[in-house]
Amino acid sequence: MKNIAFIGAGRMGKPMIKNLIKLGFSVDIYARSIMKVYDIISNGAKYHSSVYDCAKDSDVAITMLGVPKDVEEVYFVSGGLLDSMKEGSYIIDMTTASPSLSKMIHDEAAKRGLHFLDAPVTGGVNAAKNASLSIMVGGDEDDYNACLPLFRAMGTNINYMGESGMGQHTKLANQIIIAGTIAGVCEAMTYARAEGLDMPKFLRSVSTGGASSKQLESAGPKILDRDFTPGFSVKHFVKDLLLAVDEAGKEGLNLDVLLTVMSHYKQLDDDGFGENGTQVLIKYYGG
């Protein structure tokens with residue numbers, strides 16, 4: 001599995017590609033514009049102007065795209081990924097997409113003698129750069145084991161979650177945790193500021209007790225510095241939360257925190273903050 005086709009050389013995809021190349025994998029890439037990928041071409045990636053040319057001779061294809069619609073188009077369009085891969089090869093979708101779409105791709109891939117895994121990630125751009133992503137994998141376990149060397153080139157916390165779609169379900173549950181936690185951080189900081197607390201001292205005081213969390217650790221100082229640079233953007237978080245709301249609805253679940261936080265982020269996205277990081281939620285509270 002040395003020849004990799006990688007489709008989706010964006011903010012997350014680029015560092016993942018670089019890490020694969022560092023470990024000796026040969027990586028072919030497809031992007032809509034060559035001008036946006038000169039940096040990874042200089043690292044050794046080989047550019048192709050079509051999905052078919054990128055994937056036709058590869059052992060494995062990895063997709064890291066923006067939204068489920070992009071995934072569906074890349075896989076199912078005539079001359080797309082499912083038409084391009086040779087029998088017996090592997091396809092890994094690392095986009096956060098709907099579990100039902102992952103199952104549909106898995107079933108269609110199987111008809112063509114292809115192996116498909118859904119493997120969404122968490123950790124943001126820094127984890128992608130450091131090859132320390134958490135990767136949650138759904139599909140056939142034998143296929144997961146065969147692709148472990150690839151996952152280990154990009155992440156450190158790698159878990160097989162079960163049949164096709166289970167990787168996506170895990171990622172959506174992960175996003176529900178983040179939604180509630182980042183909202184709690186923003187509300188606590190809003191309260192602390194209103195009561196006149198020394199804000200840096202407040203963050204130090206709560207950073208090691210029961211309120212400590214990755215979100216507090218990463219978002220708290222950025223909020224104090226008014227740094228809304230995205231580790232993960234609002235527009236993509238809204239997409240993920242809407243997927244989680246849809247899946248929860250199918251199960252008849254009433255997840256009030258998810259619905260509330262999703263509505264806050266949707267408002268921020270509508271107000272023009274979609275390219276900011278998720279810590280910009282503080283603006284909802286007037287911060």
# chains A, B, ... in the order shown; residues from 1 in each chain; ligands from 1

$ select_by_dssp --residues "range 41-260 of chain A" --states "strand (DSSP E)" --output "PyMOL selection string"
chain A and resi 46-48+60-63+90-93+115-118+121-122+133-138+155-162

$ residues_around --residues "Lys2 in chain A" --least-positions-apart "6" --cutoff "10 Å" --atoms "only C-alpha atoms" --output "MDAnalysis selection string"
chainID A and resid 20:21 23:27 58:60 150

$ residues_around --residues "range 156-173 of chain A" --least-positions-apart "5" --cutoff "10 Å" --atoms "only C-alpha atoms" --output "PyMOL selection string"
chain A and resi 93-107+116-122+127+130-141+144-145+148+151+178-179+240-245+247-248

$ closest_residue --among "A:Met85, A:Ser233, A:Glu72, A:Ala192" --to "Val206 in chain A" --atoms "only C-alpha atoms"
A:Ala192

$ select_by_dssp --residues "range 35-208 of chain A" --states "helix (DSSP H, G or I)" --output "PyMOL selection string"
chain A and resi 35-42+51-55+68-76+81-84+99-111+124-129+141-154+166-194+199-206

$ residues_around --residues "Val74 in chain A" --least-positions-apart "2" --cutoff "12 Å" --atoms "only C-alpha atoms" --output "PyMOL selection string"
chain A and resi 6-8+30-32+50-52+55+61-72+76-84+91+93+95+105

$ write_last_selection --atoms "N, CA and C atoms" --output "short mmCIF file (atom, residue, chain, number, x, y, z; two decimals), in the first residue's frame"
data_model
loop_
_atom_site.label_atom_id
_atom_site.label_comp_id
_atom_site.auth_asym_id
_atom_site.auth_seq_id
_atom_site.Cartn_x
_atom_site.Cartn_y
_atom_site.Cartn_z
N PHE A 6 -4.87 11.02 -2.94
CA PHE A 6 -5.46 11.85 -1.88
C PHE A 6 -6.28 12.95 -2.54
N ILE A 7 -7.55 12.99 -2.21
CA ILE A 7 -8.48 13.95 -2.82
C ILE A 7 -9.05 14.82 -1.71
N GLY A 8 -8.67 16.11 -1.76
CA GLY A 8 -9.10 17.04 -0.72
C GLY A 8 -7.93 17.66 -0.01
N TYR A 30 -5.45 15.18 -6.24
CA TYR A 30 -6.36 15.90 -7.13
C TYR A 30 -6.84 17.14 -6.41
N ALA A 31 -6.81 18.27 -7.09
CA ALA A 31 -7.38 19.51 -6.57
C ALA A 31 -7.95 20.29 -7.75
N ARG A 32 -8.95 21.09 -7.47
CA ARG A 32 -9.59 21.86 -8.54
C ARG A 32 -8.64 22.89 -9.15
N SER A 50 -7.72 15.40 -12.76
CA SER A 50 -8.99 14.68 -12.67
C SER A 50 -8.90 13.61 -11.60
N VAL A 51 -10.05 13.30 -11.02
CA VAL A 51 -10.10 12.24 -10.02
C VAL A 51 -9.67 10.91 -10.63
N TYR A 52 -10.11 10.64 -11.83
CA TYR A 52 -9.79 9.37 -12.48
C TYR A 52 -8.28 9.19 -12.64
N ALA A 55 -6.52 8.52 -9.27
CA ALA A 55 -6.80 7.31 -8.51
C ALA A 55 -6.60 6.00 -9.26
N ALA A 61 -7.14 5.10 -1.95
CA ALA A 61 -7.57 6.48 -2.14
C ALA A 61 -8.12 7.00 -0.82
N ILE A 62 -7.71 8.21 -0.47
CA ILE A 62 -8.19 8.88 0.75
C ILE A 62 -8.91 10.16 0.34
N THR A 63 -10.09 10.36 0.88
CA THR A 63 -10.80 11.62 0.64
C THR A 63 -10.94 12.38 1.95
N MET A 64 -10.69 13.70 1.85
CA MET A 64 -10.83 14.60 3.00
C MET A 64 -11.48 15.87 2.47
N LEU A 65 -12.81 15.86 2.44
CA LEU A 65 -13.56 16.89 1.74
C LEU A 65 -14.35 17.76 2.71
N GLY A 66 -15.09 18.73 2.16
CA GLY A 66 -15.74 19.71 3.02
C GLY A 66 -17.08 19.28 3.59
N VAL A 67 -17.98 18.85 2.71
CA VAL A 67 -19.35 18.54 3.13
C VAL A 67 -19.79 17.24 2.46
N PRO A 68 -20.84 16.60 2.99
CA PRO A 68 -21.30 15.34 2.41
C PRO A 68 -21.61 15.42 0.92
N LYS A 69 -22.13 16.57 0.45
CA LYS A 69 -22.41 16.71 -0.97
C LYS A 69 -21.16 16.53 -1.80
N ASP A 70 -20.03 17.07 -1.33
CA ASP A 70 -18.76 16.90 -2.03
C ASP A 70 -18.37 15.42 -2.09
N VAL A 71 -18.57 14.73 -0.98
CA VAL A 71 -18.24 13.30 -0.92
C VAL A 71 -19.07 12.53 -1.95
N GLU A 72 -20.36 12.78 -1.95
CA GLU A 72 -21.25 12.07 -2.87
C GLU A 72 -20.84 12.33 -4.32
N PHE A 76 -19.60 9.22 -6.68
CA PHE A 76 -20.63 8.65 -7.54
C PHE A 76 -20.73 9.28 -8.93
N VAL A 77 -20.09 10.42 -9.16
CA VAL A 77 -20.15 11.02 -10.49
C VAL A 77 -19.49 10.08 -11.50
N SER A 78 -19.93 10.12 -12.73
CA SER A 78 -19.30 9.32 -13.78
C SER A 78 -17.83 9.70 -13.89
N GLY A 79 -16.96 8.71 -13.85
CA GLY A 79 -15.53 8.96 -13.86
C GLY A 79 -14.98 9.35 -12.51
N GLY A 80 -15.81 9.21 -11.48
CA GLY A 80 -15.39 9.55 -10.12
C GLY A 80 -14.62 8.42 -9.46
N LEU A 81 -14.54 8.48 -8.15
CA LEU A 81 -13.65 7.58 -7.42
C LEU A 81 -14.05 6.11 -7.56
N LEU A 82 -15.33 5.80 -7.45
CA LEU A 82 -15.74 4.40 -7.55
C LEU A 82 -15.49 3.84 -8.95
N ASP A 83 -15.54 4.70 -9.96
CA ASP A 83 -15.24 4.25 -11.32
C ASP A 83 -13.73 4.13 -11.57
N SER A 84 -12.94 4.78 -10.74
CA SER A 84 -11.50 4.90 -11.03
C SER A 84 -10.65 3.80 -10.43
N ILE A 91 -10.49 2.30 -0.21
CA ILE A 91 -10.93 3.69 -0.22
C ILE A 91 -11.26 4.08 1.22
N ASP A 93 -12.70 7.32 3.47
CA ASP A 93 -13.25 8.67 3.55
C ASP A 93 -13.02 9.20 4.96
N THR A 95 -13.58 12.47 5.69
CA THR A 95 -14.52 13.59 5.87
C THR A 95 -15.50 13.25 6.99
N ILE A 105 -21.84 4.18 0.34
CA ILE A 105 -20.58 4.03 -0.38
C ILE A 105 -19.98 2.65 -0.14
#

$ atom_distance --atom1 "CA of Asn43 in chain A" --atom2 "CA of Lys14 in chain A"
10.3 Å

$ atom_distance --atom1 "CA of Leu114 in chain A" --atom2 "CA of Ser89 in chain A"
5.5 Å

$ closest_residue --among "A:Cys147, A:Gly124, A:Ser33, A:Val234" --to "Gly272 in chain A" --atoms "only C-alpha atoms"
A:Val234

$ atom_distance --atom1 "CA of Lys18 in chain A" --atom2 "CA of Gly231 in chain A"
18.1 Å

$ residues_around --residues "Tyr191 in chain A" --least-positions-apart "6" --cutoff "10 Å" --atoms "only C-alpha atoms" --output "mmCIF file with C-alpha atoms, in the first residue's frame"
data_model
loop_
_atom_site.group_PDB
_atom_site.id
_atom_site.type_symbol
_atom_site.label_atom_id
_atom_site.label_comp_id
_atom_site.auth_asym_id
_atom_site.auth_seq_id
_atom_site.Cartn_x
_atom_site.Cartn_y
_atom_site.Cartn_z
ATOM 1 C CA VAL A 185 -16.473 27.623 28.711
ATOM 2 C CA LEU A 197 -12.756 38.377 38.256
ATOM 3 C CA TYR A 285 -22.685 36.159 24.761
#

$ residues_around --residues "Lys283 in chain A" --least-positions-apart "2" --cutoff "10 Å" --atoms "only C-alpha atoms" --output "JSON, numbers by chain"
{"A": [186, 190, 223, 264, 268, 273, 279, 280, 281, 285, 286, 287]}

$ write_last_selection --atoms "C-alpha atoms" --output "PDB file, in the first residue's frame"
ATOM      1  CA  CYS A 186     -18.007  30.696  27.062  1.00  0.00           C
ATOM      2  CA  THR A 190     -18.976  35.574  30.540  1.00  0.00           C
ATOM      3  CA  ILE A 223     -10.881  34.149  23.910  1.00  0.00           C
ATOM      4  CA  HIS A 264     -26.074  29.720  18.385  1.00  0.00           C
ATOM      5  CA  LEU A 268     -22.897  33.254  14.060  1.00  0.00           C
ATOM      6  CA  PHE A 273     -18.363  34.480  11.377  1.00  0.00           C
ATOM      7  CA  GLN A 279     -14.089  29.952  20.186  1.00  0.00           C
ATOM      8  CA  VAL A 280     -15.875  32.874  18.491  1.00  0.00           C
ATOM      9  CA  LEU A 281     -18.996  31.550  20.243  1.00  0.00           C
ATOM     10  CA  TYR A 285     -22.685  36.159  24.761  1.00  0.00           C
ATOM     11  CA  GLY A 286     -21.570  39.707  23.926  1.00  0.00           C
ATOM     12  CA  GLY A 287     -17.885  39.006  24.551  1.00  0.00           C
TER      13      GLY A 287
END

$ closest_residue --among "A:Glu187, A:Ile92, A:Thr260, A:Pro221" --to "Lys201 in chain A" --atoms "only C-alpha atoms"
A:Pro221

$ residues_around --residues "Ala188 in chain A" --least-positions-apart "4" --cutoff "12 Å" --atoms "only C-alpha atoms" --output "PyMOL selection string"
chain A and resi 181-184+192-195+197+199+202-203+206+211+216+220+223+282+285+287

$ write_last_selection --atoms "N, CA and C atoms" --output "PDB file, in the first residue's frame"
ATOM      1  N   THR A 181     -19.289  21.544  25.738  1.00  0.00           N
ATOM      2  CA  THR A 181     -18.137  21.997  26.521  1.00  0.00           C
ATOM      3  C   THR A 181     -17.740  23.423  26.161  1.00  0.00           C
ATOM      4  N   ILE A 182     -17.660  23.736  24.877  1.00  0.00           N
ATOM      5  CA  ILE A 182     -17.269  25.094  24.476  1.00  0.00           C
ATOM      6  C   ILE A 182     -18.327  26.104  24.902  1.00  0.00           C
ATOM      7  N   ALA A 183     -19.594  25.707  24.880  1.00  0.00           N
ATOM      8  CA  ALA A 183     -20.640  26.608  25.377  1.00  0.00           C
ATOM      9  C   ALA A 183     -20.465  26.850  26.873  1.00  0.00           C
ATOM     10  N   GLY A 184     -20.115  25.799  27.620  1.00  0.00           N
ATOM     11  CA  GLY A 184     -19.875  25.955  29.054  1.00  0.00           C
ATOM     12  C   GLY A 184     -18.703  26.878  29.336  1.00  0.00           C
ATOM     13  N   ALA A 192     -17.689  35.085  34.785  1.00  0.00           N
ATOM     14  CA  ALA A 192     -16.515  35.524  35.533  1.00  0.00           C
ATOM     15  C   ALA A 192     -16.163  36.977  35.226  1.00  0.00           C
ATOM     16  N   ARG A 193     -16.254  37.350  33.960  1.00  0.00           N
ATOM     17  CA  ARG A 193     -15.948  38.733  33.584  1.00  0.00           C
ATOM     18  C   ARG A 193     -16.988  39.700  34.181  1.00  0.00           C
ATOM     19  N   ALA A 194     -18.258  39.308  34.152  1.00  0.00           N
ATOM     20  CA  ALA A 194     -19.315  40.177  34.681  1.00  0.00           C
ATOM     21  C   ALA A 194     -19.164  40.404  36.187  1.00  0.00           C
ATOM     22  N   GLU A 195     -18.610  39.409  36.881  1.00  0.00           N
ATOM     23  CA  GLU A 195     -18.422  39.529  38.327  1.00  0.00           C
ATOM     24  C   GLU A 195     -17.085  40.172  38.694  1.00  0.00           C
ATOM     25  N   LEU A 197     -13.913  39.216  37.968  1.00  0.00           N
ATOM     26  CA  LEU A 197     -12.756  38.377  38.256  1.00  0.00           C
ATOM     27  C   LEU A 197     -11.583  38.726  37.350  1.00  0.00           C
ATOM     28  N   MET A 199      -9.321  37.680  34.812  1.00  0.00           N
ATOM     29  CA  MET A 199      -9.599  36.592  33.886  1.00  0.00           C
ATOM     30  C   MET A 199      -8.438  35.608  33.705  1.00  0.00           C
ATOM     31  N   PHE A 202      -8.489  33.585  36.771  1.00  0.00           N
ATOM     32  CA  PHE A 202      -9.648  32.686  36.758  1.00  0.00           C
ATOM     33  C   PHE A 202      -9.331  31.434  35.951  1.00  0.00           C
ATOM     34  N   LEU A 203      -8.781  31.594  34.746  1.00  0.00           N
ATOM     35  CA  LEU A 203      -8.471  30.426  33.919  1.00  0.00           C
ATOM     36  C   LEU A 203      -7.471  29.511  34.612  1.00  0.00           C
ATOM     37  N   VAL A 206      -9.199  27.360  37.456  1.00  0.00           N
ATOM     38  CA  VAL A 206     -10.094  26.254  37.103  1.00  0.00           C
ATOM     39  C   VAL A 206      -9.457  25.264  36.129  1.00  0.00           C
ATOM     40  N   ALA A 211     -13.330  21.146  36.310  1.00  0.00           N
ATOM     41  CA  ALA A 211     -13.785  21.897  35.139  1.00  0.00           C
ATOM     42  C   ALA A 211     -12.773  21.893  33.999  1.00  0.00           C
ATOM     43  N   LEU A 216     -11.353  24.187  27.389  1.00  0.00           N
ATOM     44  CA  LEU A 216     -10.925  25.264  28.276  1.00  0.00           C
ATOM     45  C   LEU A 216      -9.462  25.600  28.018  1.00  0.00           C
ATOM     46  N   GLY A 220      -9.916  28.998  26.001  1.00  0.00           N
ATOM     47  CA  GLY A 220      -9.895  30.046  27.025  1.00  0.00           C
ATOM     48  C   GLY A 220      -8.880  31.146  26.736  1.00  0.00           C
ATOM     49  N   ILE A 223      -9.785  33.218  23.668  1.00  0.00           N
ATOM     50  CA  ILE A 223     -10.881  34.149  23.910  1.00  0.00           C
ATOM     51  C   ILE A 223     -10.365  35.401  24.616  1.00  0.00           C
ATOM     52  N   ILE A 282     -18.020  33.051  21.912  1.00  0.00           N
ATOM     53  CA  ILE A 282     -18.083  34.059  22.973  1.00  0.00           C
ATOM     54  C   ILE A 282     -18.823  35.303  22.510  1.00  0.00           C
ATOM     55  N   TYR A 285     -22.407  35.687  23.419  1.00  0.00           N
ATOM     56  CA  TYR A 285     -22.685  36.159  24.761  1.00  0.00           C
ATOM     57  C   TYR A 285     -22.279  37.618  24.960  1.00  0.00           C
ATOM     58  N   GLY A 287     -19.304  38.864  24.203  1.00  0.00           N
ATOM     59  CA  GLY A 287     -17.885  39.006  24.551  1.00  0.00           C
ATOM     60  C   GLY A 287     -17.022  39.356  23.356  1.00  0.00           C
TER      61      GLY A 287
END

$ decode --residues "range 153-183 of chain A" --atoms "N, CA and C atoms" --output "PDB file, in the first residue's frame"
ATOM      1  N   ALA A 153       0.387   6.903  10.201  1.00  0.00           N
ATOM      2  CA  ALA A 153       1.157   8.005   9.616  1.00  0.00           C
ATOM      3  C   ALA A 153       0.499   9.351   9.874  1.00  0.00           C
ATOM      4  N   MET A 154      -0.792   9.330  10.238  1.00  0.00           N
ATOM      5  CA  MET A 154      -1.536  10.578  10.393  1.00  0.00           C
ATOM      6  C   MET A 154      -2.058  10.814  11.801  1.00  0.00           C
ATOM      7  N   GLY A 155      -2.127   9.768  12.622  1.00  0.00           N
ATOM      8  CA  GLY A 155      -2.738   9.916  13.937  1.00  0.00           C
ATOM      9  C   GLY A 155      -2.095   9.041  14.986  1.00  0.00           C
ATOM     10  N   THR A 156      -2.508   9.262  16.227  1.00  0.00           N
ATOM     11  CA  THR A 156      -1.978   8.492  17.355  1.00  0.00           C
ATOM     12  C   THR A 156      -3.063   7.757  18.127  1.00  0.00           C
ATOM     13  N   ASN A 157      -4.263   8.292  18.140  1.00  0.00           N
ATOM     14  CA  ASN A 157      -5.379   7.646  18.840  1.00  0.00           C
ATOM     15  C   ASN A 157      -6.314   7.072  17.783  1.00  0.00           C
ATOM     16  N   ILE A 158      -6.094   5.812  17.427  1.00  0.00           N
ATOM     17  CA  ILE A 158      -6.784   5.184  16.294  1.00  0.00           C
ATOM     18  C   ILE A 158      -7.634   4.042  16.831  1.00  0.00           C
ATOM     19  N   ASN A 159      -8.924   4.073  16.526  1.00  0.00           N
ATOM     20  CA  ASN A 159      -9.817   3.073  17.092  1.00  0.00           C
ATOM     21  C   ASN A 159     -10.769   2.525  16.043  1.00  0.00           C
ATOM     22  N   TYR A 160     -10.909   1.197  16.039  1.00  0.00           N
ATOM     23  CA  TYR A 160     -11.913   0.540  15.200  1.00  0.00           C
ATOM     24  C   TYR A 160     -13.231   0.542  15.954  1.00  0.00           C
ATOM     25  N   MET A 161     -14.270   1.127  15.355  1.00  0.00           N
ATOM     26  CA  MET A 161     -15.525   1.352  16.058  1.00  0.00           C
ATOM     27  C   MET A 161     -16.637   0.383  15.659  1.00  0.00           C
ATOM     28  N   GLY A 162     -16.431  -0.398  14.588  1.00  0.00           N
ATOM     29  CA  GLY A 162     -17.466  -1.338  14.185  1.00  0.00           C
ATOM     30  C   GLY A 162     -17.785  -1.237  12.711  1.00  0.00           C
ATOM     31  N   GLU A 163     -18.960  -1.644  12.343  1.00  0.00           N
ATOM     32  CA  GLU A 163     -19.350  -1.732  10.942  1.00  0.00           C
ATOM     33  C   GLU A 163     -19.387  -0.354  10.283  1.00  0.00           C
ATOM     34  N   SER A 164     -19.593  -0.358   8.978  1.00  0.00           N
ATOM     35  CA  SER A 164     -19.628   0.878   8.215  1.00  0.00           C
ATOM     36  C   SER A 164     -20.616   1.877   8.813  1.00  0.00           C
ATOM     37  N   GLY A 165     -20.177   3.129   8.935  1.00  0.00           N
ATOM     38  CA  GLY A 165     -20.987   4.191   9.518  1.00  0.00           C
ATOM     39  C   GLY A 165     -20.678   4.459  10.975  1.00  0.00           C
ATOM     40  N   MET A 166     -20.060   3.482  11.665  1.00  0.00           N
ATOM     41  CA  MET A 166     -19.805   3.655  13.095  1.00  0.00           C
ATOM     42  C   MET A 166     -18.700   4.676  13.361  1.00  0.00           C
ATOM     43  N   GLY A 167     -17.761   4.827  12.436  1.00  0.00           N
ATOM     44  CA  GLY A 167     -16.775   5.894  12.574  1.00  0.00           C
ATOM     45  C   GLY A 167     -17.455   7.253  12.564  1.00  0.00           C
ATOM     46  N   GLN A 168     -18.397   7.422  11.645  1.00  0.00           N
ATOM     47  CA  GLN A 168     -19.123   8.684  11.559  1.00  0.00           C
ATOM     48  C   GLN A 168     -19.978   8.930  12.804  1.00  0.00           C
ATOM     49  N   HIS A 169     -20.642   7.898  13.298  1.00  0.00           N
ATOM     50  CA  HIS A 169     -21.431   8.074  14.523  1.00  0.00           C
ATOM     51  C   HIS A 169     -20.538   8.509  15.690  1.00  0.00           C
ATOM     52  N   THR A 170     -19.342   7.933  15.771  1.00  0.00           N
ATOM     53  CA  THR A 170     -18.414   8.302  16.841  1.00  0.00           C
ATOM     54  C   THR A 170     -18.023   9.764  16.730  1.00  0.00           C
ATOM     55  N   LYS A 171     -17.716  10.203  15.501  1.00  0.00           N
ATOM     56  CA  LYS A 171     -17.323  11.606  15.310  1.00  0.00           C
ATOM     57  C   LYS A 171     -18.466  12.553  15.663  1.00  0.00           C
ATOM     58  N   LEU A 172     -19.681  12.215  15.304  1.00  0.00           N
ATOM     59  CA  LEU A 172     -20.800  13.093  15.627  1.00  0.00           C
ATOM     60  C   LEU A 172     -21.014  13.174  17.138  1.00  0.00           C
ATOM     61  N   ALA A 173     -20.856  12.059  17.842  1.00  0.00           N
ATOM     62  CA  ALA A 173     -20.941  12.092  19.305  1.00  0.00           C
ATOM     63  C   ALA A 173     -19.821  12.959  19.884  1.00  0.00           C
ATOM     64  N   ASN A 174     -18.638  12.871  19.292  1.00  0.00           N
ATOM     65  CA  ASN A 174     -17.517  13.727  19.687  1.00  0.00           C
ATOM     66  C   ASN A 174     -17.885  15.205  19.550  1.00  0.00           C
ATOM     67  N   GLN A 175     -18.539  15.560  18.450  1.00  0.00           N
ATOM     68  CA  GLN A 175     -18.905  16.957  18.221  1.00  0.00           C
ATOM     69  C   GLN A 175     -19.970  17.428  19.206  1.00  0.00           C
ATOM     70  N   ILE A 176     -20.841  16.513  19.630  1.00  0.00           N
ATOM     71  CA  ILE A 176     -21.837  16.872  20.646  1.00  0.00           C
ATOM     72  C   ILE A 176     -21.137  17.226  21.961  1.00  0.00           C
ATOM     73  N   ILE A 177     -20.110  16.455  22.334  1.00  0.00           N
ATOM     74  CA  ILE A 177     -19.339  16.761  23.547  1.00  0.00           C
ATOM     75  C   ILE A 177     -18.699  18.136  23.438  1.00  0.00           C
ATOM     76  N   ILE A 178     -18.074  18.409  22.288  1.00  0.00           N
ATOM     77  CA  ILE A 178     -17.410  19.698  22.099  1.00  0.00           C
ATOM     78  C   ILE A 178     -18.414  20.836  22.171  1.00  0.00           C
ATOM     79  N   ALA A 179     -19.585  20.639  21.563  1.00  0.00           N
ATOM     80  CA  ALA A 179     -20.600  21.697  21.563  1.00  0.00           C
ATOM     81  C   ALA A 179     -20.968  22.109  22.985  1.00  0.00           C
ATOM     82  N   GLY A 180     -21.277  21.127  23.820  1.00  0.00           N
ATOM     83  CA  GLY A 180     -21.646  21.446  25.192  1.00  0.00           C
ATOM     84  C   GLY A 180     -20.500  22.042  25.987  1.00  0.00           C
ATOM     85  N   THR A 181     -19.289  21.544  25.738  1.00  0.00           N
ATOM     86  CA  THR A 181     -18.137  21.997  26.521  1.00  0.00           C
ATOM     87  C   THR A 181     -17.740  23.423  26.161  1.00  0.00           C
ATOM     88  N   ILE A 182     -17.660  23.736  24.877  1.00  0.00           N
ATOM     89  CA  ILE A 182     -17.269  25.094  24.476  1.00  0.00           C
ATOM     90  C   ILE A 182     -18.327  26.104  24.902  1.00  0.00           C
ATOM     91  N   ALA A 183     -19.594  25.707  24.880  1.00  0.00           N
ATOM     92  CA  ALA A 183     -20.640  26.608  25.377  1.00  0.00           C
ATOM     93  C   ALA A 183     -20.465  26.850  26.873  1.00  0.00           C
TER      94      ALA A 183
END
